[in-house]
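Q: What follows is target-v9.pdb, made up of PDB, C-alpha atoms:
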ATOM      1  CA  MET G   1     -17.933 -49.673 -40.078
ATOM      2  CA  LYS G   2     -18.931 -53.340 -40.384
ATOM      3  CA  ILE G   3     -18.070 -56.059 -37.869
ATOM      4  CA  LYS G   4     -18.634 -59.787 -38.461
ATOM      5  CA  VAL G   5     -20.498 -61.565 -35.658
ATOM      6  CA  LEU G   6     -21.109 -65.305 -35.136
ATOM      7  CA  ASP G   7     -20.934 -67.489 -38.259
ATOM      8  CA  LYS G   8     -22.955 -65.442 -40.772
ATOM      9  CA  GLY G   9     -24.036 -62.251 -39.010
ATOM     10  CA  TYR G  10     -22.703 -58.730 -38.673
ATOM     11  CA  VAL G  11     -23.245 -55.259 -37.238
ATOM     12  CA  GLU G  12     -22.785 -52.319 -39.610
ATOM     13  CA  MET G  13     -23.000 -48.679 -38.554
ATOM     14  CA  VAL G  14     -24.549 -46.945 -41.564
ATOM     15  CA  ASP G  15     -25.326 -43.461 -40.227
ATOM     16  CA  LEU G  16     -24.510 -41.084 -37.384
ATOM     17  CA  LEU G  17     -26.324 -37.894 -36.445
ATOM     18  CA  GLY G  18     -24.197 -35.652 -34.265
ATOM     19  CA  GLY G  19     -21.322 -37.169 -32.364
ATOM     20  CA  ASP G  20     -19.561 -36.157 -29.150
ATOM     21  CA  MET G  21     -20.158 -32.464 -29.859
ATOM     22  CA  ALA G  22     -23.912 -32.991 -30.206
ATOM     23  CA  ALA G  23     -24.021 -33.876 -26.505
ATOM     24  CA  VAL G  24     -21.847 -30.854 -25.683
ATOM     25  CA  ARG G  25     -24.138 -28.483 -27.583
ATOM     26  CA  ALA G  26     -27.232 -29.901 -25.921
ATOM     27  CA  ALA G  27     -25.684 -29.561 -22.464
ATOM     28  CA  ARG G  28     -24.376 -26.028 -22.977
ATOM     29  CA  ILE G  29     -27.790 -24.644 -23.943
ATOM     30  CA  SER G  30     -28.758 -24.796 -20.251
ATOM     31  CA  TYR G  31     -26.361 -21.931 -19.484
ATOM     32  CA  MET G  32     -26.105 -20.532 -23.024
ATOM     33  CA  SER G  33     -22.356 -21.178 -22.869
ATOM     34  CA  LYS G  34     -20.126 -21.664 -25.905
ATOM     35  CA  SER G  35     -18.096 -24.694 -26.865
ATOM     36  CA  ASP G  36     -14.521 -24.727 -25.637
ATOM     37  CA  PRO G  37     -12.326 -27.576 -26.978
ATOM     38  CA  GLN G  38     -10.288 -27.656 -23.782
ATOM     39  CA  ARG G  39     -13.387 -28.039 -21.620
ATOM     40  CA  ASP G  40     -15.709 -30.088 -23.818
ATOM     41  CA  GLU G  41     -14.165 -33.441 -22.905
ATOM     42  CA  LYS G  42     -14.435 -32.568 -19.201
ATOM     43  CA  LEU G  43     -18.072 -31.602 -19.723
ATOM     44  CA  ILE G  44     -18.913 -34.976 -21.282
ATOM     45  CA  ASP G  45     -17.211 -36.724 -18.386
ATOM     46  CA  LEU G  46     -19.123 -34.544 -15.909
ATOM     47  CA  LEU G  47     -22.477 -35.318 -17.531
ATOM     48  CA  ALA G  48     -21.826 -39.054 -17.246
ATOM     49  CA  ARG G  49     -20.473 -38.816 -13.701
ATOM     50  CA  LEU G  50     -23.436 -36.816 -12.414
ATOM     51  CA  GLY G  51     -26.028 -38.852 -14.302
ATOM     52  CA  HIS G  52     -27.150 -35.970 -16.516
ATOM     53  CA  GLU G  53     -27.694 -38.248 -19.514
ATOM     54  CA  SER G  54     -30.350 -36.426 -21.583
ATOM     55  CA  PRO G  55     -27.726 -34.568 -23.720
ATOM     56  CA  PHE G  56     -26.564 -37.970 -24.998
ATOM     57  CA  GLU G  57     -29.969 -38.430 -26.633
ATOM     58  CA  HIS G  58     -28.842 -35.937 -29.290
ATOM     59  CA  ILE G  59     -26.316 -38.466 -30.620
ATOM     60  CA  VAL G  60     -28.196 -40.829 -32.921
ATOM     61  CA  PHE G  61     -26.862 -43.996 -34.594
ATOM     62  CA  THR G  62     -28.340 -46.149 -37.351
ATOM     63  CA  PHE G  63     -27.121 -49.741 -37.598
ATOM     64  CA  TYR G  64     -27.853 -52.468 -40.126
ATOM     65  CA  ILE G  65     -27.844 -55.807 -38.341
ATOM     66  CA  LYS G  66     -27.928 -59.400 -39.492
ATOM     67  CA  ALA G  67     -28.576 -61.862 -36.674
ATOM     68  CA  PRO G  68     -30.537 -65.017 -35.816
ATOM     69  CA  ILE G  69     -34.213 -64.446 -35.045
ATOM     70  CA  PHE G  70     -33.797 -65.452 -31.398
ATOM     71  CA  VAL G  71     -31.176 -62.692 -31.018
ATOM     72  CA  ALA G  72     -33.470 -60.201 -32.758
ATOM     73  CA  ARG G  73     -36.328 -60.956 -30.369
ATOM     74  CA  GLN G  74     -34.113 -60.270 -27.341
ATOM     75  CA  TRP G  75     -32.766 -57.124 -29.009
ATOM     76  CA  MET G  76     -36.222 -55.711 -29.687
ATOM     77  CA  ARG G  77     -37.093 -55.763 -26.010
ATOM     78  CA  HIS G  78     -35.063 -52.536 -25.921
ATOM     79  CA  ARG G  79     -37.975 -50.390 -27.006
ATOM     80  CA  ILE G  80     -36.572 -46.844 -27.121
ATOM     81  CA  ALA G  81     -35.381 -47.147 -30.700
ATOM     82  CA  SER G  82     -36.742 -47.305 -34.240
ATOM     83  CA  ILE G  83     -36.680 -50.693 -35.965
ATOM     84  CA  ASN G  84     -37.576 -51.869 -39.442
ATOM     85  CA  GLU G  85     -37.064 -55.583 -40.058
ATOM     86  CA  ARG G  86     -37.081 -57.726 -43.161
ATOM     87  CA  SER G  87     -40.541 -59.157 -43.815
ATOM     88  CA  GLY G  88     -41.052 -62.884 -44.160
ATOM     89  CA  ARG G  89     -44.471 -62.148 -45.657
ATOM     90  CA  PHE G  90     -43.010 -60.441 -48.699
ATOM     91  CA  THR G  91     -39.544 -61.962 -49.085
ATOM     92  CA  GLU G  92     -38.426 -65.564 -49.312
ATOM     93  CA  PHE G  93     -35.731 -66.454 -46.797
ATOM     94  CA  GLY G  94     -32.477 -68.032 -47.832
ATOM     95  CA  GLU G  95     -31.058 -71.122 -46.142
ATOM     96  CA  GLU G  96     -29.007 -69.255 -43.543
ATOM     97  CA  PHE G  97     -29.044 -70.613 -40.022
ATOM     98  CA  TYR G  98     -26.847 -69.991 -37.014
ATOM     99  CA  ILE G  99     -25.122 -73.239 -36.146
ATOM    100  CA  PRO G 100     -23.496 -73.151 -32.691
ATOM    101  CA  ASP G 101     -20.177 -74.909 -32.300
ATOM    102  CA  SER G 102     -19.951 -78.314 -30.620
ATOM    103  CA  GLN G 103     -19.069 -76.848 -27.230
ATOM    104  CA  ARG G 104     -21.996 -74.411 -27.288
ATOM    105  CA  SER G 105     -24.393 -77.163 -28.413
ATOM    106  CA  ASP G 106     -23.042 -79.845 -26.056
ATOM    107  CA  GLY G 107     -22.081 -81.945 -29.046
ATOM    108  CA  SER G 108     -25.481 -81.693 -30.746
ATOM    109  CA  ALA G 109     -24.560 -79.304 -33.578
ATOM    110  CA  ASP G 110     -25.041 -81.957 -36.280
ATOM    111  CA  LYS G 111     -28.486 -82.894 -34.995
ATOM    112  CA  MET G 112     -29.454 -79.220 -34.841
ATOM    113  CA  ARG G 113     -28.222 -78.703 -38.399
ATOM    114  CA  GLU G 114     -30.290 -81.653 -39.643
ATOM    115  CA  SER G 115     -33.427 -80.252 -38.023
ATOM    116  CA  MET G 116     -32.854 -76.795 -39.508
ATOM    117  CA  GLU G 117     -32.181 -78.170 -42.980
ATOM    118  CA  GLU G 118     -35.330 -80.293 -42.835
ATOM    119  CA  SER G 119     -37.447 -77.313 -41.762
ATOM    120  CA  PHE G 120     -36.065 -75.309 -44.669
ATOM    121  CA  ARG G 121     -36.768 -78.157 -47.085
ATOM    122  CA  VAL G 122     -40.403 -78.184 -45.935
ATOM    123  CA  TYR G 123     -40.525 -74.376 -46.198
ATOM    124  CA  ARG G 124     -39.374 -74.443 -49.825
ATOM    125  CA  GLU G 125     -41.728 -77.326 -50.624
ATOM    126  CA  LEU G 126     -44.711 -75.439 -49.186
ATOM    127  CA  ILE G 127     -43.895 -72.373 -51.274
ATOM    128  CA  SER G 128     -43.467 -74.528 -54.388
ATOM    129  CA  ASN G 129     -46.929 -75.985 -53.720
ATOM    130  CA  GLY G 130     -48.474 -72.531 -53.685
ATOM    131  CA  VAL G 131     -48.567 -71.868 -49.946
ATOM    132  CA  LYS G 132     -48.112 -68.167 -49.212
ATOM    133  CA  LYS G 133     -44.744 -67.135 -47.782
ATOM    134  CA  GLU G 134     -46.435 -65.675 -44.715
ATOM    135  CA  VAL G 135     -47.809 -69.143 -43.913
ATOM    136  CA  ALA G 136     -44.865 -71.263 -45.056
ATOM    137  CA  ARG G 137     -42.471 -69.349 -42.780
ATOM    138  CA  MET G 138     -44.216 -70.813 -39.725
ATOM    139  CA  VAL G 139     -42.107 -73.969 -39.990
ATOM    140  CA  LEU G 140     -38.784 -72.106 -39.821
ATOM    141  CA  PRO G 141     -36.685 -72.187 -36.626
ATOM    142  CA  LEU G 142     -35.500 -69.281 -34.484
ATOM    143  CA  SER G 143     -31.934 -69.888 -35.674
ATOM    144  CA  LEU G 144     -32.820 -68.427 -39.098
ATOM    145  CA  TYR G 145     -31.006 -65.181 -39.888
ATOM    146  CA  THR G 146     -33.015 -61.983 -40.222
ATOM    147  CA  GLU G 147     -31.962 -58.395 -40.949
ATOM    148  CA  TRP G 148     -33.092 -55.003 -39.681
ATOM    149  CA  TYR G 149     -32.263 -51.336 -39.287
ATOM    150  CA  TRP G 150     -31.870 -50.088 -35.714
ATOM    151  CA  THR G 151     -31.861 -46.341 -35.073
ATOM    152  CA  VAL G 152     -31.057 -45.483 -31.478
ATOM    153  CA  ASN G 153     -29.783 -42.539 -29.462
ATOM    154  CA  ALA G 154     -26.612 -42.880 -27.412
ATOM    155  CA  ARG G 155     -28.436 -42.886 -24.085
ATOM    156  CA  SER G 156     -30.564 -45.873 -25.109
ATOM    157  CA  LEU G 157     -27.538 -47.529 -26.682
ATOM    158  CA  MET G 158     -25.756 -47.286 -23.328
ATOM    159  CA  ASN G 159     -28.688 -49.023 -21.660
ATOM    160  CA  PHE G 160     -28.528 -51.771 -24.282
ATOM    161  CA  LEU G 161     -24.825 -52.271 -23.574
ATOM    162  CA  ASN G 162     -25.414 -52.347 -19.820
ATOM    163  CA  GLN G 163     -27.843 -55.223 -20.288
ATOM    164  CA  ARG G 164     -26.307 -57.142 -23.172
ATOM    165  CA  ALA G 165     -22.534 -56.541 -22.972
ATOM    166  CA  ASP G 166     -22.577 -58.523 -19.763
ATOM    167  CA  SER G 167     -21.875 -62.126 -18.845
ATOM    168  CA  HIS G 168     -25.470 -62.595 -17.628
ATOM    169  CA  ALA G 169     -26.785 -62.076 -21.171
ATOM    170  CA  GLN G 170     -27.004 -64.963 -23.646
ATOM    171  CA  TYR G 171     -23.677 -65.575 -25.347
ATOM    172  CA  GLU G 172     -24.875 -64.813 -28.871
ATOM    173  CA  ILE G 173     -26.277 -61.367 -28.072
ATOM    174  CA  GLN G 174     -23.150 -60.626 -26.017
ATOM    175  CA  ARG G 175     -21.142 -60.894 -29.226
ATOM    176  CA  TYR G 176     -23.432 -58.431 -30.990
ATOM    177  CA  ALA G 177     -23.322 -56.011 -28.069
ATOM    178  CA  ILE G 178     -19.523 -56.026 -28.128
ATOM    179  CA  ALA G 179     -19.630 -55.210 -31.860
ATOM    180  CA  VAL G 180     -22.066 -52.328 -31.223
ATOM    181  CA  ALA G 181     -19.730 -51.054 -28.505
ATOM    182  CA  GLU G 182     -16.819 -51.060 -30.948
ATOM    183  CA  CYS G 183     -18.818 -48.904 -33.370
ATOM    184  CA  PHE G 184     -19.782 -46.580 -30.515
ATOM    185  CA  LYS G 185     -16.142 -46.270 -29.450
ATOM    186  CA  ASN G 186     -15.013 -45.467 -32.986
ATOM    187  CA  ALA G 187     -17.741 -42.870 -33.636
ATOM    188  CA  CYS G 188     -17.886 -41.097 -30.257
ATOM    189  CA  PRO G 189     -14.691 -41.780 -28.305
ATOM    190  CA  LEU G 190     -15.249 -39.108 -25.632
ATOM    191  CA  THR G 191     -18.786 -40.238 -24.846
ATOM    192  CA  TYR G 192     -17.764 -43.890 -24.964
ATOM    193  CA  ASN G 193     -14.932 -43.372 -22.489
ATOM    194  CA  ALA G 194     -17.225 -41.450 -20.126
ATOM    195  CA  PHE G 195     -19.786 -44.253 -20.431
ATOM    196  CA  LEU G 196     -17.257 -46.911 -19.455
ATOM    197  CA  LYS G 197     -15.938 -44.823 -16.599
ATOM    198  CA  HIS G 198     -19.207 -43.739 -14.989
ATOM    199  CA  ILE G 199     -22.272 -45.504 -16.429
ATOM    200  CA  TYR G 200     -21.361 -49.009 -17.588
ATOM    201  CA  ARG G 201     -22.520 -51.751 -15.224
ATOM    202  CA  GLY G 202     -21.620 -54.816 -17.309
ATOM    203  CA  ASN G 203     -18.430 -56.850 -17.183
ATOM    204  CA  LEU G 204     -17.394 -57.573 -20.784
ATOM    205  CA  LEU G 205     -16.141 -54.207 -22.041
ATOM    206  CA  GLU G 206     -12.713 -53.001 -21.012
ATOM    207  CA  VAL G 207     -12.843 -49.967 -18.736
TER     208      VAL G 207
END
Could you express the structure from this file as structure tokens?
A:
Amino acid sequence: MKIKVLDKGYVEMVDLLGGDMAAVRAARISYMSKSDPQRDEKLIDLLARLGHESPFEHIVFTFYIKAPIFVARQWMRHRIASINERSGRFTEFGEEFYIPDSQRSDGSADKMRESMEESFRVYRELISNGVKKEVARMVLPLSLYTEWYWTVNARSLMNFLNQRADSHAQYEIQRYAIAVAECFKNACPLTYNAFLKHIYRGNLLEV
């Protein structure tokens, strides 16, 4: 599942370990009880309602994300996850910047674009003159797009959504959080519904 975000970014769910039933299995081991399709949905709801969230750690997602660097730096403050990001030491960046619309930039989008294009021109010139990529990248702005893999369990993903799928978060990361939520909903509908009903504290996702 791949969802376009902002002007050039996206969120793609590339792997899933477990699913709703992974949380059910983990919860039922406490009493050595067996899965029962008629009761499993109620069990997931009960876990969320009572705050017994550790079984949700057995659901694990891997996403491939393309986003501006300033979004990535906010994202990586959520530390209970595994992240591998593209290296600017070993790869040469393309000229891909996030350009906010005129309303978001208070009418300064053209000036921002000029600054970004000039920084990229200097970046390419430095590399052409033999400067190492790891040094030349220092002139690039935070609007440059980067890419990374994010592997996260459902419990930590819920915490991410509580913080970022909320109107208090910066607009750009809100859009990514909403895309992550859509992947979560599609992959684990029972857990997602229980999350919205009992755990979610933000105000952007529909309960």
Q: Using all atoms listed in the file, can you tell me which of G:Ile29, G:Leu144, G:Leu196, G:Leu157 comes closest to Ile80 (chain G)?
A: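 Closest to Ile80 (chain G) of all the choices is G:Leu157.
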Q: Which is closest to Thr191 (chain G) among G:Lys133, G:Met158, G:Asn203, G:Thr151, if we use only C-alpha atoms?
A: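 Result for the nearest residue to Thr191 (chain G): G:Met158.
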Q: Between G:Asn129, G:Asp110, G:Lys8, G:Asp20, which is the closest to Ile44 (chain G) once you count only C-alpha atoms?
A: G:Asp20
Q: Residues picked by the PyMOL selection byres ((chain G and resi 34-42) around 12) here, as a list in words?
A: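 The output of the PyMOL selection byres ((chain G and resi 34-42) around 12) on this file is Asp20, Met21, Ala22, Ala23, Val24, Arg25, Ala26, Ala27, Arg28, Ile29, Ser30, Tyr31, Met32, Ser33, Leu43, Ile44, Asp45, Leu46, Leu47, Ala48, Arg49, Cys188, Pro189, Leu190, Thr191, Tyr192, Asn193 and Ala194 of chain G.
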Q: Given the choices G:Tyr123, G:Tyr98, G:Trp150, G:Phe90, which gets closest to Thr62 (chain G) if the distance is worked out from all atoms listed in the file?
A: G:Trp150
Q: Looking at G:Glu182, G:Asp106, G:Glu53, G:Glu172, which one is nearest to Ala72 (chain G), with distances taken over all atoms listed in the file?
A: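 Of all the options, G:Glu172 lies closest to Ala72 (chain G).
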Q: If we count all atoms listed in the file and set the cut-off at 12 Å, which residues sit around Met76 (chain G), ignoring sequence neighbours fewer than 3 positions away in its own chain? Please answer as a list in words.
A: Ile69, Phe70, Val71, Ala72, Arg73, Arg79, Ile80, Ala81, Ser82, Ile83, Asn84, Glu85, Trp148, Tyr149, Trp150, Thr151, Val152, Phe160, Arg164 and Ile173 of chain G
Q: When the PyMOL selection byres ((chain G and resi 165) around 8) is applied to the structure above, which residues does it catch, written out as a list of chain:residue names?
A: G:Phe160, G:Leu161, G:Asn162, G:Gln163, G:Arg164, G:Asp166, G:Ser167, G:Ala169, G:Ile173, G:Gln174, G:Arg175, G:Ala177, G:Ile178, G:Gly202, G:Asn203, G:Leu204, G:Leu205
Q: Using C-alpha atoms, can you export the residues from the last selection as a PDB file, keeping the file's coordinate frame?
A:
ATOM      1  CA  PHE G 160     -28.528 -51.771 -24.282  1.00  0.00           C
ATOM      2  CA  LEU G 161     -24.825 -52.271 -23.574  1.00  0.00           C
ATOM      3  CA  ASN G 162     -25.414 -52.347 -19.820  1.00  0.00           C
ATOM      4  CA  GLN G 163     -27.843 -55.223 -20.288  1.00  0.00           C
ATOM      5  CA  ARG G 164     -26.307 -57.142 -23.172  1.00  0.00           C
ATOM      6  CA  ASP G 166     -22.577 -58.523 -19.763  1.00  0.00           C
ATOM      7  CA  SER G 167     -21.875 -62.126 -18.845  1.00  0.00           C
ATOM      8  CA  ALA G 169     -26.785 -62.076 -21.171  1.00  0.00           C
ATOM      9  CA  ILE G 173     -26.277 -61.367 -28.072  1.00  0.00           C
ATOM     10  CA  GLN G 174     -23.150 -60.626 -26.017  1.00  0.00           C
ATOM     11  CA  ARG G 175     -21.142 -60.894 -29.226  1.00  0.00           C
ATOM     12  CA  ALA G 177     -23.322 -56.011 -28.069  1.00  0.00           C
ATOM     13  CA  ILE G 178     -19.523 -56.026 -28.128  1.00  0.00           C
ATOM     14  CA  GLY G 202     -21.620 -54.816 -17.309  1.00  0.00           C
ATOM     15  CA  ASN G 203     -18.430 -56.850 -17.183  1.00  0.00           C
ATOM     16  CA  LEU G 204     -17.394 -57.573 -20.784  1.00  0.00           C
ATOM     17  CA  LEU G 205     -16.141 -54.207 -22.041  1.00  0.00           C
TER      18      LEU G 205
END
Q: Which residues come within 8 Å of Ile3 (chain G), counting all atoms listed in the file, excluding same-chain residues fewer than 5 positions away, as a list in words?
A: Tyr10, Val11, Glu12 and Ala179 of chain G
Q: Write the residues you've just listed into a file as a compact mmCIF listing (two decimals), in the coordinates of the input, and include C-alpha atoms for each of them.
A:
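Below is the file that was written, out.txt:
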# COMPACT_ATOMS: atom_id res chain seq x y z
CA TYR G 10 -22.70 -58.73 -38.67
CA VAL G 11 -23.24 -55.26 -37.24
CA GLU G 12 -22.78 -52.32 -39.61
CA ALA G 179 -19.63 -55.21 -31.86
Q: Quick one: which residues end up in the PyMOL selection byres ((chain G and resi 67) around 6) for this structure, as a list of chain:residue names?
A: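 Selected by the PyMOL selection byres ((chain G and resi 67) around 6) here: G:Gly9, G:Lys66, G:Pro68, G:Tyr145, G:Thr146.
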Q: For each of G:Ala187, G:Ile65, G:Ile99, G:Val14, take the minimum atom-to-atom distance to Ala154 (chain G), counting all atoms listed in the file, then give the residue where this is smallest.
A: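 Closest residue, counting all atoms listed in the file: G:Ala187.
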Q: One decimal, Å: what's the distance from CA of Asn153 (chain G) over to CA of Phe56 (chain G), could you say?
A: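 So the two atoms, CA of Asn153 (chain G) and CA of Phe56 (chain G), lie 7.2 Å apart.
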Q: So how far away is CA of Leu16 (chain G) from CA of Phe61 (chain G), in Å?
A: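 Straight-line distance from CA of Phe61 (chain G) to CA of Leu16 (chain G) works out to 4.7 Å.
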Q: Got a sec to check which residues sit within 12 Å of (-41.0, -71.4, -35.6), counting all atoms listed in the file, and write them as a ChimeraX atom specification?
A: /G:69-70,115-116,119-120,123,135-144
Q: Record the distance separating CA of Tyr171 (chain G) and CA of Asp101 (chain G), expressed in Å with one decimal.
A: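 Computing it gives 12.2 Å between the two atoms.
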Q: Once 3 Å is added on each side, what centre and edge lengths in Å to one decimal does the axis-aligned box around all listed atoms of region 143-152 of chain G have, as lines of an AutoDock Vina configuration file?
A:
center_x = -32.0
center_y = -57.7
center_z = -36.2
size_x = 8.1
size_y = 30.4
size_z = 15.5
Q: Provide region 102-112 of chain G rebuilt to all heavy atoms, formatted as a PDB file, in the coordinates of the input.
A:
ATOM      1  N   SER G 102     -19.667 -77.100 -31.388  1.00  0.00           N
ATOM      2  CA  SER G 102     -19.951 -78.314 -30.620  1.00  0.00           C
ATOM      3  C   SER G 102     -19.949 -78.057 -29.117  1.00  0.00           C
ATOM      4  O   SER G 102     -20.734 -78.654 -28.373  1.00  0.00           O
ATOM      5  CB  SER G 102     -18.937 -79.408 -30.971  1.00  0.00           C
ATOM      6  OG  SER G 102     -17.617 -78.980 -30.701  1.00  0.00           O
ATOM      7  N   GLN G 103     -19.098 -77.148 -28.663  1.00  0.00           N
ATOM      8  CA  GLN G 103     -19.069 -76.848 -27.230  1.00  0.00           C
ATOM      9  C   GLN G 103     -20.345 -76.133 -26.800  1.00  0.00           C
ATOM     10  O   GLN G 103     -20.940 -76.453 -25.774  1.00  0.00           O
ATOM     11  CB  GLN G 103     -17.852 -75.980 -26.902  1.00  0.00           C
ATOM     12  CG  GLN G 103     -17.713 -75.662 -25.424  1.00  0.00           C
ATOM     13  CD  GLN G 103     -16.445 -74.876 -25.121  1.00  0.00           C
ATOM     14  OE1 GLN G 103     -15.659 -74.586 -26.003  1.00  0.00           O
ATOM     15  NE2 GLN G 103     -16.257 -74.541 -23.850  1.00  0.00           N
ATOM     16  N   ARG G 104     -20.782 -75.174 -27.610  1.00  0.00           N
ATOM     17  CA  ARG G 104     -21.996 -74.411 -27.288  1.00  0.00           C
ATOM     18  C   ARG G 104     -23.234 -75.301 -27.348  1.00  0.00           C
ATOM     19  O   ARG G 104     -24.189 -75.105 -26.610  1.00  0.00           O
ATOM     20  CB  ARG G 104     -22.116 -73.252 -28.282  1.00  0.00           C
ATOM     21  CG  ARG G 104     -23.308 -72.332 -28.043  1.00  0.00           C
ATOM     22  CD  ARG G 104     -23.038 -71.371 -26.911  1.00  0.00           C
ATOM     23  NE  ARG G 104     -24.137 -70.431 -26.778  1.00  0.00           N
ATOM     24  CZ  ARG G 104     -24.822 -70.248 -25.659  1.00  0.00           C
ATOM     25  NH1 ARG G 104     -24.523 -70.930 -24.571  1.00  0.00           N
ATOM     26  NH2 ARG G 104     -25.796 -69.362 -25.604  1.00  0.00           N
ATOM     27  N   SER G 105     -23.228 -76.292 -28.236  1.00  0.00           N
ATOM     28  CA  SER G 105     -24.393 -77.163 -28.413  1.00  0.00           C
ATOM     29  C   SER G 105     -24.271 -78.481 -27.668  1.00  0.00           C
ATOM     30  O   SER G 105     -25.094 -79.378 -27.871  1.00  0.00           O
ATOM     31  CB  SER G 105     -24.598 -77.447 -29.901  1.00  0.00           C
ATOM     32  OG  SER G 105     -23.499 -78.170 -30.421  1.00  0.00           O
ATOM     33  N   ASP G 106     -23.278 -78.603 -26.805  1.00  0.00           N
ATOM     34  CA  ASP G 106     -23.042 -79.845 -26.056  1.00  0.00           C
ATOM     35  C   ASP G 106     -22.954 -81.053 -26.983  1.00  0.00           C
ATOM     36  O   ASP G 106     -23.496 -82.129 -26.699  1.00  0.00           O
ATOM     37  CB  ASP G 106     -24.146 -80.068 -25.005  1.00  0.00           C
ATOM     38  CG  ASP G 106     -24.091 -79.043 -23.881  1.00  0.00           C
ATOM     39  OD1 ASP G 106     -22.971 -78.641 -23.515  1.00  0.00           O
ATOM     40  OD2 ASP G 106     -25.151 -78.642 -23.395  1.00  0.00           O
ATOM     41  N   GLY G 107     -22.297 -80.847 -28.121  1.00  0.00           N
ATOM     42  CA  GLY G 107     -22.081 -81.945 -29.046  1.00  0.00           C
ATOM     43  C   GLY G 107     -23.254 -82.265 -29.957  1.00  0.00           C
ATOM     44  O   GLY G 107     -23.229 -83.268 -30.671  1.00  0.00           O
ATOM     45  N   SER G 108     -24.273 -81.413 -29.956  1.00  0.00           N
ATOM     46  CA  SER G 108     -25.481 -81.693 -30.746  1.00  0.00           C
ATOM     47  C   SER G 108     -25.596 -80.834 -32.001  1.00  0.00           C
ATOM     48  O   SER G 108     -26.680 -80.719 -32.581  1.00  0.00           O
ATOM     49  CB  SER G 108     -26.726 -81.504 -29.878  1.00  0.00           C
ATOM     50  OG  SER G 108     -26.723 -82.393 -28.782  1.00  0.00           O
ATOM     51  N   ALA G 109     -24.505 -80.209 -32.435  1.00  0.00           N
ATOM     52  CA  ALA G 109     -24.560 -79.304 -33.578  1.00  0.00           C
ATOM     53  C   ALA G 109     -25.058 -80.010 -34.835  1.00  0.00           C
ATOM     54  O   ALA G 109     -25.855 -79.441 -35.598  1.00  0.00           O
ATOM     55  CB  ALA G 109     -23.181 -78.685 -33.822  1.00  0.00           C
ATOM     56  N   ASP G 110     -24.618 -81.240 -35.074  1.00  0.00           N
ATOM     57  CA  ASP G 110     -25.041 -81.957 -36.280  1.00  0.00           C
ATOM     58  C   ASP G 110     -26.538 -82.233 -36.268  1.00  0.00           C
ATOM     59  O   ASP G 110     -27.220 -82.092 -37.295  1.00  0.00           O
ATOM     60  CB  ASP G 110     -24.268 -83.262 -36.423  1.00  0.00           C
ATOM     61  CG  ASP G 110     -22.823 -83.038 -36.807  1.00  0.00           C
ATOM     62  OD1 ASP G 110     -22.511 -81.938 -37.308  1.00  0.00           O
ATOM     63  OD2 ASP G 110     -21.990 -83.945 -36.608  1.00  0.00           O
ATOM     64  N   LYS G 111     -27.049 -82.636 -35.106  1.00  0.00           N
ATOM     65  CA  LYS G 111     -28.486 -82.894 -34.995  1.00  0.00           C
ATOM     66  C   LYS G 111     -29.284 -81.610 -35.194  1.00  0.00           C
ATOM     67  O   LYS G 111     -30.340 -81.608 -35.852  1.00  0.00           O
ATOM     68  CB  LYS G 111     -28.811 -83.514 -33.641  1.00  0.00           C
ATOM     69  CG  LYS G 111     -30.286 -83.858 -33.439  1.00  0.00           C
ATOM     70  CD  LYS G 111     -30.509 -84.625 -32.157  1.00  0.00           C
ATOM     71  CE  LYS G 111     -29.939 -86.029 -32.264  1.00  0.00           C
ATOM     72  NZ  LYS G 111     -30.324 -86.877 -31.097  1.00  0.00           N
ATOM     73  N   MET G 112     -28.790 -80.504 -34.654  1.00  0.00           N
ATOM     74  CA  MET G 112     -29.454 -79.220 -34.841  1.00  0.00           C
ATOM     75  C   MET G 112     -29.455 -78.823 -36.311  1.00  0.00           C
ATOM     76  O   MET G 112     -30.464 -78.351 -36.847  1.00  0.00           O
ATOM     77  CB  MET G 112     -28.768 -78.148 -33.993  1.00  0.00           C
ATOM     78  CG  MET G 112     -28.913 -78.356 -32.497  1.00  0.00           C
ATOM     79  SD  MET G 112     -27.993 -77.136 -31.514  1.00  0.00           S
ATOM     80  CE  MET G 112     -28.980 -75.671 -31.824  1.00  0.00           C
TER      81      MET G 112
END
